[in-house]
Amino acid sequence: MGKIIVGKVSDFIPGKMQKITIDGKDVLVANIDGTYYAINDTCTHAGASLSEGILDGTVVTCGWHGAKFDCKTGKLSSFPAKIKDLNSYKVVVESENIFVEV
């Protein structure tokens, strides 16, 4: 698929995350201290939207059952049961535009 523009730098507030849909796939984009990360938005436990959860540093916590994922890698960082990691995507900033490579 390649590089898809998801918005401008000004669209993504530091310390916040936002759900973007790319070709029917929900992707969470987070601005963490001016660095942008993209992972799947759907929790692998019960299907909740992670962008509705809580961002603390680089860790997003699912609002439904508390699964925690690292925004940098998509890896599960904490949950009582073993569940799948999330896909992570490369984010590129060019001329104030943010692109996600999927």
# chains A, B, ... in the order shown; residues from 1 in each chain; ligands from 1
$ residues_around --residues "Lys90 (chain A)" --least-positions-apart "2" --cutoff "12 Å" --atoms "only C-alpha atoms" --output "number ranges by chain"
A: 2-4, 27, 29, 35-40, 71-74, 87-88, 92-93, 98-102
$ write_last_selection --atoms "C-alpha atoms" --output "short mmCIF file (atom, residue, chain, number, x, y, z; two decimals), in the first residue's frame"
data_model
loop_
_atom_site.label_atom_id
_atom_site.label_comp_id
_atom_site.auth_asym_id
_atom_site.auth_seq_id
_atom_site.Cartn_x
_atom_site.Cartn_y
_atom_site.Cartn_z
CA GLY A 2 2.71 2.51 0.89
CA LYS A 3 2.71 5.85 2.63
CA ILE A 4 -0.69 7.36 3.50
CA VAL A 27 -5.03 2.75 13.39
CA VAL A 29 -1.73 7.58 16.02
CA THR A 35 7.41 11.84 18.19
CA TYR A 36 4.58 10.08 16.38
CA TYR A 37 3.70 6.40 16.68
CA ALA A 38 1.07 4.26 14.96
CA ILE A 39 -0.34 0.90 16.08
CA ASN A 40 -3.57 -1.01 15.49
CA CYS A 71 2.85 2.57 21.37
CA LYS A 72 6.42 2.35 20.06
CA THR A 73 6.28 -1.35 19.24
CA GLY A 74 2.69 -2.57 19.59
CA ASN A 87 0.91 -4.29 14.54
CA SER A 88 2.99 -1.14 14.60
CA VAL A 92 7.06 9.77 8.69
CA VAL A 93 6.78 13.56 9.04
CA ILE A 98 2.15 13.04 8.95
CA PHE A 99 2.24 9.82 6.92
CA VAL A 100 1.75 6.25 8.09
CA GLU A 101 3.35 3.42 6.13
CA VAL A 102 1.04 0.43 5.97
#
$ closest_atom_pairs --of "region 49-81 of chain A" --to "region 10-14 of chain A" --cutoff "12 Å" --atoms "only C-alpha atoms" --output "tab-separated table"
residue	atom	partner	partner_atom	distance
A:Leu55	CA	A:Pro14	CA	10.8
A:Asp56	CA	A:Pro14	CA	11.8
A:Gly57	CA	A:Pro14	CA	10.7
A:Thr58	CA	A:Pro14	CA	11.7
$ select_by_dssp --residues "chain A" --states "helix (DSSP H, G or I)" --output "PyMOL selection string"
chain A and resi 9-11+50-52
$ residues_around --residues "Lys84 (chain A)" --least-positions-apart "3" --cutoff "8 Å" --atoms "only C-alpha atoms" --output "list in words"
Thr44, His45 and Leu76 of chain A
$ closest_residue --among "A:Gly53, A:Gly63, A:Pro80, A:Gly47" --to "Lys16 (chain A)" --atoms "only C-alpha atoms"
A:Gly53
$ select_by_dssp --residues "chain A" --states "strand (DSSP E)" --output "ChimeraX atom specification"
/A:3-8,17-22,25-32,35-40,54-56,59-61,68-70,76-78,88-94,97-101
$ atom_distance --atom1 "CA of Ser95 (chain A)" --atom2 "CA of Glu52 (chain A)"
28.7 Å
$ closest_residue --among "A:Cys43, A:Ile5, A:Leu28, A:Ile22" --to "His65 (chain A)" --atoms "only C-alpha atoms"
A:Cys43
$ atom_distance --atom1 "CA of Leu86 (chain A)" --atom2 "CA of Gly34 (chain A)"
21.9 Å
$ atom_distance --atom1 "CA of Thr42 (chain A)" --atom2 "CA of Ser78 (chain A)"
16.0 Å
